[in-house]
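**Student:** Supplied structure: input_30.pdb, PDB, C-alpha atoms.
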```
ATOM      1  CA  MET W 153      -3.604   2.709  16.596
ATOM      2  CA  ASN W 154      -3.061  -1.054  16.274
ATOM      3  CA  PHE W 155       0.385  -2.128  15.115
ATOM      4  CA  ARG W 156       0.897  -5.420  13.284
ATOM      5  CA  HIS W 157       3.870  -7.529  12.304
ATOM      6  CA  GLU W 158       4.877  -7.447   8.643
ATOM      7  CA  TRP W 159       7.146  -9.478   6.389
ATOM      8  CA  LYS W 160       8.029  -8.512   2.832
ATOM      9  CA  HIS W 161       9.785 -10.760   0.320
ATOM     10  CA  GLN W 162      10.830 -10.061  -3.242
ATOM     11  CA  ILE W 163       9.849 -13.104  -5.276
ATOM     12  CA  ALA W 164      10.261 -14.376  -8.830
ATOM     13  CA  PRO W 165       7.310 -14.785 -11.230
ATOM     14  CA  GLY W 166       7.527 -18.556 -10.875
ATOM     15  CA  ASP W 167       7.133 -18.235  -7.103
ATOM     16  CA  LEU W 168       3.633 -16.858  -7.625
ATOM     17  CA  LEU W 169       2.433 -20.215  -8.913
ATOM     18  CA  VAL W 170       3.870 -22.079  -5.928
ATOM     19  CA  LEU W 171       2.593 -19.629  -3.320
ATOM     20  CA  ARG W 172      -0.859 -19.384  -4.883
ATOM     21  CA  GLN W 173      -1.283 -23.152  -4.721
ATOM     22  CA  ARG W 174      -0.021 -23.403  -1.133
ATOM     23  CA  LEU W 175      -2.087 -20.518   0.181
ATOM     24  CA  ARG W 176      -5.293 -21.840  -1.334
ATOM     25  CA  ALA W 177      -4.796 -24.964   0.758
ATOM     26  CA  VAL W 178      -4.351 -23.198   4.131
ATOM     27  CA  ALA W 179      -6.110 -19.817   3.802
ATOM     28  CA  ARG W 180      -9.188 -18.224   2.230
ATOM     29  CA  PRO W 181      -9.117 -15.855  -0.736
ATOM     30  CA  ASP W 182     -10.109 -12.314   0.187
ATOM     31  CA  SER W 183     -13.899 -12.169  -0.193
ATOM     32  CA  HIS W 184     -13.689  -8.614  -1.570
ATOM     33  CA  ALA W 185     -11.553  -9.674  -4.542
ATOM     34  CA  ALA W 186     -13.115 -10.478  -7.906
ATOM     35  CA  ASP W 187     -11.832 -13.842  -9.160
ATOM     36  CA  GLY W 188      -9.253 -13.786  -6.373
ATOM     37  CA  LYS W 189      -7.528 -10.555  -7.388
ATOM     38  CA  TYR W 190      -8.027  -6.838  -7.678
ATOM     39  CA  PHE W 191      -6.309  -3.828  -9.170
ATOM     40  CA  ILE W 192      -4.934  -1.111  -6.870
ATOM     41  CA  ARG W 193      -4.086   2.462  -7.785
ATOM     42  CA  SER W 194      -2.586   4.805  -5.190
ATOM     43  CA  LEU W 195      -1.501   8.425  -5.200
ATOM     44  CA  TYR W 196       1.324   9.000  -2.716
ATOM     45  CA  PHE W 197       2.110  12.294  -0.986
ATOM     46  CA  ASP W 198       5.481  13.643   0.103
ATOM     47  CA  THR W 199       7.140  16.896   1.108
ATOM     48  CA  PRO W 200       9.177  19.141  -1.234
ATOM     49  CA  SER W 201      12.322  17.609   0.270
ATOM     50  CA  ASP W 202      10.981  14.045  -0.167
ATOM     51  CA  THR W 203      10.896  13.272   3.551
ATOM     52  CA  ALA W 204       8.959   9.992   3.215
ATOM     53  CA  LEU W 205      11.221   8.761   0.428
ATOM     54  CA  ARG W 206      14.451   9.653   2.220
ATOM     55  CA  GLU W 207      13.306   8.132   5.503
ATOM     56  CA  LYS W 208      12.441   4.902   3.704
ATOM     57  CA  LEU W 209      15.787   4.720   1.902
ATOM     58  CA  ASP W 210      17.672   5.615   5.092
ATOM     59  CA  GLY W 211      15.830   2.994   7.140
ATOM     60  CA  VAL W 212      14.421   5.468   9.668
ATOM     61  CA  ASP W 213      12.715   3.468  12.416
ATOM     62  CA  ARG W 214       9.601   5.633  12.805
ATOM     63  CA  ARG W 215       8.057   6.953   9.625
ATOM     64  CA  GLU W 216       4.742   7.500   7.875
ATOM     65  CA  LYS W 217       3.235   7.890   4.399
ATOM     66  CA  PHE W 218      -0.072   9.344   3.216
ATOM     67  CA  ARG W 219      -1.842   8.106   0.097
ATOM     68  CA  LEU W 220      -5.166   8.088  -1.721
ATOM     69  CA  ARG W 221      -6.263   4.649  -2.892
ATOM     70  CA  LEU W 222      -8.965   3.120  -5.089
ATOM     71  CA  TYR W 223      -9.686  -0.411  -6.199
ATOM     72  CA  ASN W 224     -10.540  -1.711  -9.680
ATOM     73  CA  GLY W 225     -10.993   1.844 -10.930
ATOM     74  CA  ASP W 226     -14.069   2.327  -8.717
ATOM     75  CA  THR W 227     -14.175   6.013  -7.758
ATOM     76  CA  SER W 228     -17.291   5.540  -5.614
ATOM     77  CA  LEU W 229     -15.075   4.243  -2.789
ATOM     78  CA  ILE W 230     -11.784   6.100  -2.335
ATOM     79  CA  ARG W 231      -9.681   5.825   0.794
ATOM     80  CA  LEU W 232      -7.291   8.283   2.377
ATOM     81  CA  GLU W 233      -4.720   6.131   4.157
ATOM     82  CA  LYS W 234      -1.845   6.804   6.519
ATOM     83  CA  LYS W 235       0.648   3.974   6.887
ATOM     84  CA  SER W 236       2.967   4.138   9.888
ATOM     85  CA  LYS W 237       5.986   2.017  10.830
ATOM     86  CA  ALA W 238       7.731   1.756  14.185
ATOM     87  CA  GLY W 239      10.215  -0.809  15.384
ATOM     88  CA  GLY W 240       9.496  -3.247  12.575
ATOM     89  CA  LEU W 241       5.727  -3.077  13.169
ATOM     90  CA  CYS W 242       3.189  -1.399  10.907
ATOM     91  CA  SER W 243      -0.266   0.155  11.210
ATOM     92  CA  LYS W 244      -2.762   1.722   8.834
ATOM     93  CA  GLU W 245      -5.461   4.331   9.406
ATOM     94  CA  SER W 246      -8.030   5.161   6.749
ATOM     95  CA  ALA W 247     -10.957   7.446   5.995
ATOM     96  CA  ALA W 248     -13.472   7.346   3.144
ATOM     97  CA  LEU W 249     -13.460  10.201   0.625
ATOM     98  CA  THR W 250     -15.873  11.156  -2.111
ATOM     99  CA  ARG W 251     -14.540  11.520  -5.629
ATOM    100  CA  GLU W 252     -14.820  15.300  -5.287
ATOM    101  CA  GLU W 253     -12.890  15.318  -2.011
ATOM    102  CA  ALA W 254     -10.161  13.080  -3.408
ATOM    103  CA  GLN W 255      -9.789  15.293  -6.479
ATOM    104  CA  ALA W 256      -9.624  18.387  -4.278
ATOM    105  CA  ALA W 257      -6.889  16.830  -2.119
ATOM    106  CA  ALA W 258      -4.947  15.857  -5.241
ATOM    107  CA  ASP W 259      -5.306  19.398  -6.588
ATOM    108  CA  GLY W 260      -4.187  21.014  -3.318
ATOM    109  CA  ALA W 261      -7.636  22.541  -2.666
ATOM    110  CA  LEU W 262      -7.761  22.295   1.132
ATOM    111  CA  ALA W 263     -10.561  24.595   2.334
ATOM    112  CA  TRP W 264     -13.006  21.732   2.982
ATOM    113  CA  MET W 265     -10.632  19.676   5.146
ATOM    114  CA  PRO W 266     -10.722  21.399   8.583
ATOM    115  CA  GLU W 267     -14.514  20.978   8.841
ATOM    116  CA  SER W 268     -14.623  17.456   7.387
ATOM    117  CA  GLY W 269     -15.218  15.838  10.782
ATOM    118  CA  ARG W 270     -12.652  13.123  10.007
ATOM    119  CA  PRO W 271      -9.464  13.215  12.109
ATOM    120  CA  LEU W 272      -7.300  11.661   9.388
ATOM    121  CA  VAL W 273      -8.457  14.240   6.824
ATOM    122  CA  GLN W 274      -7.712  16.988   9.339
ATOM    123  CA  GLU W 275      -4.251  15.513   9.929
ATOM    124  CA  LEU W 276      -3.578  15.520   6.189
ATOM    125  CA  TYR W 277      -4.696  19.162   6.100
ATOM    126  CA  HIS W 278      -2.189  19.974   8.842
ATOM    127  CA  LYS W 279       0.613  18.178   6.974
ATOM    128  CA  MET W 280      -0.295  19.848   3.661
ATOM    129  CA  THR W 281      -0.293  23.312   5.213
ATOM    130  CA  CYS W 282       2.637  22.981   7.639
ATOM    131  CA  SER W 283       4.907  20.464   5.857
ATOM    132  CA  LEU W 284       3.719  21.265   2.304
ATOM    133  CA  LEU W 285       2.804  17.633   1.690
ATOM    134  CA  ARG W 286       1.733  17.227  -1.941
ATOM    135  CA  PRO W 287       0.991  14.397  -4.441
ATOM    136  CA  LYS W 288       4.194  12.899  -5.846
ATOM    137  CA  VAL W 289       3.528   9.729  -7.838
ATOM    138  CA  ILE W 290       0.881   7.235  -8.949
ATOM    139  CA  VAL W 291       1.514   3.576  -8.073
ATOM    140  CA  GLU W 292      -0.479   0.721  -9.650
ATOM    141  CA  TYR W 293      -0.339  -3.052  -9.317
ATOM    142  CA  THR W 294      -2.386  -6.242  -9.225
ATOM    143  CA  ARG W 295      -2.953  -7.920  -5.854
ATOM    144  CA  GLU W 296      -4.047 -11.407  -4.825
ATOM    145  CA  ALA W 297      -4.977 -11.622  -1.141
ATOM    146  CA  PHE W 298      -5.536 -14.487   1.304
ATOM    147  CA  VAL W 299      -6.749 -14.351   4.904
ATOM    148  CA  CYS W 300      -6.525 -16.674   7.898
ATOM    149  CA  GLY W 301      -8.583 -16.169  11.076
ATOM    150  CA  PRO W 302      -6.066 -17.326  13.709
ATOM    151  CA  GLY W 303      -3.570 -14.502  14.163
ATOM    152  CA  ASN W 304      -5.684 -12.239  11.918
ATOM    153  CA  VAL W 305      -3.278 -13.053   9.081
ATOM    154  CA  ARG W 306      -3.367 -11.417   5.670
ATOM    155  CA  VAL W 307      -1.060 -12.602   2.881
ATOM    156  CA  THR W 308      -0.822 -10.688  -0.388
ATOM    157  CA  LEU W 309       0.882 -11.327  -3.711
ATOM    158  CA  ASP W 310       1.532  -8.072  -5.598
ATOM    159  CA  TYR W 311       2.826  -7.884  -9.159
ATOM    160  CA  GLY W 312       2.681  -5.873 -12.370
ATOM    161  CA  LEU W 313       3.953  -2.676 -10.728
ATOM    162  CA  ARG W 314       3.347   0.440 -12.827
ATOM    163  CA  THR W 315       3.828   4.143 -12.235
ATOM    164  CA  GLY W 316       2.213   7.310 -13.528
ATOM    165  CA  LEU W 317       3.916   9.938 -15.621
ATOM    166  CA  GLY W 318       3.199  12.584 -12.998
ATOM    167  CA  CYS W 319       0.088  12.752 -10.818
ATOM    168  CA  ALA W 320      -2.539  13.893 -13.306
ATOM    169  CA  GLY W 321      -5.442  11.600 -14.081
ATOM    170  CA  PHE W 322      -5.374   9.623 -10.832
ATOM    171  CA  LEU W 323      -9.173   9.239 -10.877
ATOM    172  CA  SER W 324      -9.471   8.852 -14.637
ATOM    173  CA  ALA W 325     -10.161   5.554 -16.374
ATOM    174  CA  ASP W 326      -7.640   6.750 -18.976
ATOM    175  CA  CYS W 327      -4.823   7.341 -16.473
ATOM    176  CA  VAL W 328      -1.514   6.763 -18.273
ATOM    177  CA  THR W 329       1.037   4.542 -16.525
ATOM    178  CA  ILE W 330       4.187   2.668 -17.517
ATOM    179  CA  PRO W 331       5.927  -0.422 -16.083
ATOM    180  CA  ALA W 332       8.162   0.464 -13.127
ATOM    181  CA  GLY W 333      11.300  -1.047 -14.587
ATOM    182  CA  ASN W 334      11.995  -4.667 -13.681
ATOM    183  CA  ALA W 335      10.160  -4.483 -10.372
ATOM    184  CA  PRO W 336       9.825  -7.890  -8.695
ATOM    185  CA  ALA W 337       6.641  -9.477  -7.444
ATOM    186  CA  ILE W 338       6.178  -8.953  -3.710
ATOM    187  CA  LEU W 339       4.945 -11.329  -1.029
ATOM    188  CA  GLU W 340       3.624  -9.545   2.069
ATOM    189  CA  VAL W 341       2.540 -11.252   5.287
ATOM    190  CA  LYS W 342       0.821  -9.303   8.090
ATOM    191  CA  TRP W 343      -0.383 -10.653  11.430
ATOM    192  CA  ASP W 344      -1.265  -9.623  14.968
ATOM    193  CA  ALA W 345       0.015 -11.519  18.014
ATOM    194  CA  PHE W 346       1.181 -14.721  16.318
ATOM    195  CA  LEU W 347       1.713 -16.264  12.899
ATOM    196  CA  PRO W 348       0.251 -19.789  12.582
ATOM    197  CA  SER W 349       2.801 -22.419  11.592
ATOM    198  CA  VAL W 350       0.724 -23.511   8.572
ATOM    199  CA  ILE W 351       1.023 -19.991   7.124
ATOM    200  CA  ARG W 352       4.681 -19.681   8.086
ATOM    201  CA  ASP W 353       5.419 -22.951   6.278
ATOM    202  CA  ALA W 354       3.306 -22.046   3.249
ATOM    203  CA  VAL W 355       5.190 -18.818   2.545
ATOM    204  CA  GLN W 356       8.696 -20.269   2.949
ATOM    205  CA  LEU W 357      10.694 -20.190  -0.271
ATOM    206  CA  GLU W 358      14.257 -21.370  -0.742
ATOM    207  CA  SER W 359      16.779 -18.512  -0.966
ATOM    208  CA  ARG W 360      14.112 -15.857  -0.279
ATOM    209  CA  ARG W 361      14.537 -13.592   2.729
ATOM    210  CA  ALA W 362      12.603 -10.674   4.126
ATOM    211  CA  SER W 363      13.587  -7.460   2.371
ATOM    212  CA  ALA W 364      12.635  -3.798   2.602
ATOM    213  CA  PHE W 365      11.161  -3.288  -0.866
ATOM    214  CA  SER W 366       9.034  -0.169  -1.308
ATOM    215  CA  LYS W 367       6.627   0.201  -4.230
ATOM    216  CA  TYR W 368       6.597   3.935  -3.597
ATOM    217  CA  ALA W 369      10.388   4.202  -3.757
ATOM    218  CA  ALA W 370      10.546   2.024  -6.883
ATOM    219  CA  CYS W 371       8.051   4.258  -8.663
ATOM    220  CA  ARG W 372       9.752   7.481  -7.536
ATOM    221  CA  MET W 373      12.699   6.555  -9.754
ATOM    222  CA  TYR W 374      10.580   7.939 -12.601
ATOM    223  CA  GLY W 375       9.638  11.269 -11.048
TER     224      GLY W 375
END
```
Would you mind writing the structure in this file as structure tokens?
**Tutor:**
Amino acid sequence: MNFRHEWKHQIAPGDLLVLRQRLRAVARPDSHAADGKYFIRSLYFDTPSDTALREKLDGVDRREKFRLRLYNGDTSLIRLEKKSKAGGLCSKESAALTREEAQAAADGALAWMPESGRPLVQELYHKMTCSLLRPKVIVEYTREAFVCGPGNVRVTLDYGLRTGLGCAGFLSADCVTIPAGNAPAILEVKWDAFLPSVIRDAVQLESRRASAFSKYAACRMYG
């Protein structure tokens, strides 16, 4: 498991224009994005006692979250992801799922998981059977991403946060979501061993400091 450094900043809508212009000058747009952006929908899991949510709100040093994720509504490529945090560092593990597997996981149909041959799927099976991990909320937003080779840097601008009214319809093109209140736009910066000074300078904004904003926690306010 490779841990990376991570900064998060809550930013104003006007900051998006400034950051977009700066980042285009010092980094490359993510080649997987269409017209520089893509739409993300995730289905987050938690325990009956909301362990992941409480650990986030309490600032627990070591914690993890499981989620299903798809991009631009494309159900031909769905990812099961586990995001871990430890000592201010973060890591992400992922495994590809078919649409049928993702729907089964969302429905709590687990019989296929132990023989899937994918360690992350088997770990989710263990958590769903032992800790009763289950889907909790849908989280949607638009992302613009930039990359920089030195330091393996990835900078993202996330905005338009929306949440589902329950967990039904995660894989449906007609999935119903609503705005998640007055959620801010979020600047995220991730890197490996070092952060190049050109990126550090590009993402500096007056009166903006790193903050522990969680899209999952913001959307859990609604269910």
**Student:** Let me make sure I understand: among W:Gly269, W:Gly333, W:Pro302, W:Gly260, which one has the smallest atom-to-atom distance to Cys319 (chain W) if we use only C-alpha atoms?
**Tutor:**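 The answer is W:Gly260, which sits nearest to Cys319 (chain W).
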**Student:** So what does the PyMOL selection byres ((chain W and resi 237-239) around 10) actually pick up in this one, as a list in words?
**Tutor:**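 Written out, the selection comes to Phe155, Arg156, His157, Glu158, Val212, Asp213, Arg214, Arg215, Glu216, Lys217, Lys235, Ser236, Gly240, Leu241, Cys242, Ser243 and Lys244 of chain W.
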**Student:** Limited to C-alpha atoms, could you put the picked residues into a file as a PDB file, in the frame of the given file?
**Tutor:**
```
ATOM      1  CA  PHE W 155       0.385  -2.128  15.115  1.00  0.00           C
ATOM      2  CA  ARG W 156       0.897  -5.420  13.284  1.00  0.00           C
ATOM      3  CA  HIS W 157       3.870  -7.529  12.304  1.00  0.00           C
ATOM      4  CA  GLU W 158       4.877  -7.447   8.643  1.00  0.00           C
ATOM      5  CA  VAL W 212      14.421   5.468   9.668  1.00  0.00           C
ATOM      6  CA  ASP W 213      12.715   3.468  12.416  1.00  0.00           C
ATOM      7  CA  ARG W 214       9.601   5.633  12.805  1.00  0.00           C
ATOM      8  CA  ARG W 215       8.057   6.953   9.625  1.00  0.00           C
ATOM      9  CA  GLU W 216       4.742   7.500   7.875  1.00  0.00           C
ATOM     10  CA  LYS W 217       3.235   7.890   4.399  1.00  0.00           C
ATOM     11  CA  LYS W 235       0.648   3.974   6.887  1.00  0.00           C
ATOM     12  CA  SER W 236       2.967   4.138   9.888  1.00  0.00           C
ATOM     13  CA  GLY W 240       9.496  -3.247  12.575  1.00  0.00           C
ATOM     14  CA  LEU W 241       5.727  -3.077  13.169  1.00  0.00           C
ATOM     15  CA  CYS W 242       3.189  -1.399  10.907  1.00  0.00           C
ATOM     16  CA  SER W 243      -0.266   0.155  11.210  1.00  0.00           C
ATOM     17  CA  LYS W 244      -2.762   1.722   8.834  1.00  0.00           C
TER      18      LYS W 244
END
```
**Student:** Can you tell me, as a PDB file with C-alpha atoms, keeping the file's coordinate frame, what residues are no more than 6 Å from Leu220 (chain W) when counting only C-alpha atoms, ignoring any on the same chain fewer than 4 positions away?
**Tutor:**
```pdb
ATOM      1  CA  SER W 194      -2.586   4.805  -5.190  1.00  0.00           C
ATOM      2  CA  LEU W 195      -1.501   8.425  -5.200  1.00  0.00           C
ATOM      3  CA  ARG W 231      -9.681   5.825   0.794  1.00  0.00           C
ATOM      4  CA  LEU W 232      -7.291   8.283   2.377  1.00  0.00           C
TER       5      LEU W 232
END
```
**Student:** So which one's closest to Val350 (chain W), W:Ile290, W:Ala256, W:Leu285, W:Val305? Using only C-alpha atoms, please.
**Tutor:**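 Smallest separation from Val350 (chain W) among the options: W:Val305.
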**Student:** Emit as AutoDock Vina command-line options the padded axis-aligned box for all listed atoms of region 242-246 of chain W, 6 Å per side, with centre and edge lengths in Å to one decimal.
**Tutor:**
```
--center_x -2.4 --center_y 1.9 --center_z 9.0 --size_x 23.2 --size_y 18.6 --size_z 16.5
```
**Student:** Once the PyMOL selection byres ((chain W and resi 279) around 12) has been applied to the shown file, what residues remain in the selection, as an NGL selection string?
**Tutor:** :W and (197-200 or 203 or 216-218 or 234 or 257 or 260 or 262 or 265-266 or 272-278 or 280-286)
**Student:** Would you mind listing what lies within 6 Å of Gln162 (chain W) as JSON, numbers by chain, with only C-alpha atoms counted and same-chain residues fewer than 5 positions away left out?
**Tutor:** {"W": [336, 337, 338]}
**Student:** Which is closer to Ser183 (chain W) than all the others in W:Leu357, W:Cys300, W:Met373, W:Ile330, using all atoms listed in the file?
**Tutor:**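 Of the candidates, the smallest distance to Ser183 (chain W) is held by W:Cys300.
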**Student:** Using the block above, I'd like region 177-191 of chain W written out, keeping N, CA and C atoms and formatting it as a compact mmCIF listing (two decimals), in the first residue's frame.
**Tutor:**
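Dumped to selection.txt:
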```
# COMPACT_ATOMS: atom_id res chain seq x y z
N ALA W 177 -1.09 26.38 -16.80
CA ALA W 177 0.23 26.89 -17.18
C ALA W 177 1.36 26.00 -16.65
N VAL W 178 1.11 25.21 -15.60
CA VAL W 178 2.21 24.46 -14.97
C VAL W 178 1.97 22.95 -14.91
N ALA W 179 0.78 22.50 -15.31
CA ALA W 179 0.45 21.08 -15.26
C ALA W 179 -0.37 20.69 -16.49
N ARG W 180 -0.59 19.39 -16.66
CA ARG W 180 -1.35 18.89 -17.81
C ARG W 180 -2.75 18.46 -17.35
N PRO W 181 -3.76 18.75 -18.15
CA PRO W 181 -5.09 18.22 -17.82
C PRO W 181 -5.06 16.69 -17.86
N ASP W 182 -5.83 16.08 -17.00
CA ASP W 182 -5.94 14.62 -16.98
C ASP W 182 -6.38 14.13 -18.35
N SER W 183 -5.61 13.22 -18.93
CA SER W 183 -5.91 12.75 -20.29
C SER W 183 -7.19 11.92 -20.35
N HIS W 184 -7.67 11.43 -19.21
CA HIS W 184 -8.89 10.62 -19.19
C HIS W 184 -10.15 11.48 -19.11
N ALA W 185 -9.99 12.77 -18.91
CA ALA W 185 -11.16 13.65 -18.77
C ALA W 185 -11.61 14.14 -20.15
N ALA W 186 -12.90 14.24 -20.33
CA ALA W 186 -13.48 14.77 -21.56
C ALA W 186 -13.64 16.27 -21.41
N ASP W 187 -13.00 17.04 -22.29
CA ASP W 187 -13.03 18.50 -22.20
C ASP W 187 -12.54 18.99 -20.83
N GLY W 188 -11.58 18.26 -20.27
CA GLY W 188 -10.95 18.70 -19.03
C GLY W 188 -11.70 18.38 -17.76
N LYS W 189 -12.85 17.73 -17.85
CA LYS W 189 -13.62 17.45 -16.63
C LYS W 189 -14.38 16.13 -16.79
N TYR W 190 -14.81 15.60 -15.67
CA TYR W 190 -15.66 14.42 -15.70
C TYR W 190 -16.57 14.42 -14.49
N PHE W 191 -17.60 13.59 -14.58
CA PHE W 191 -18.63 13.52 -13.56
C PHE W 191 -18.45 12.24 -12.75
```
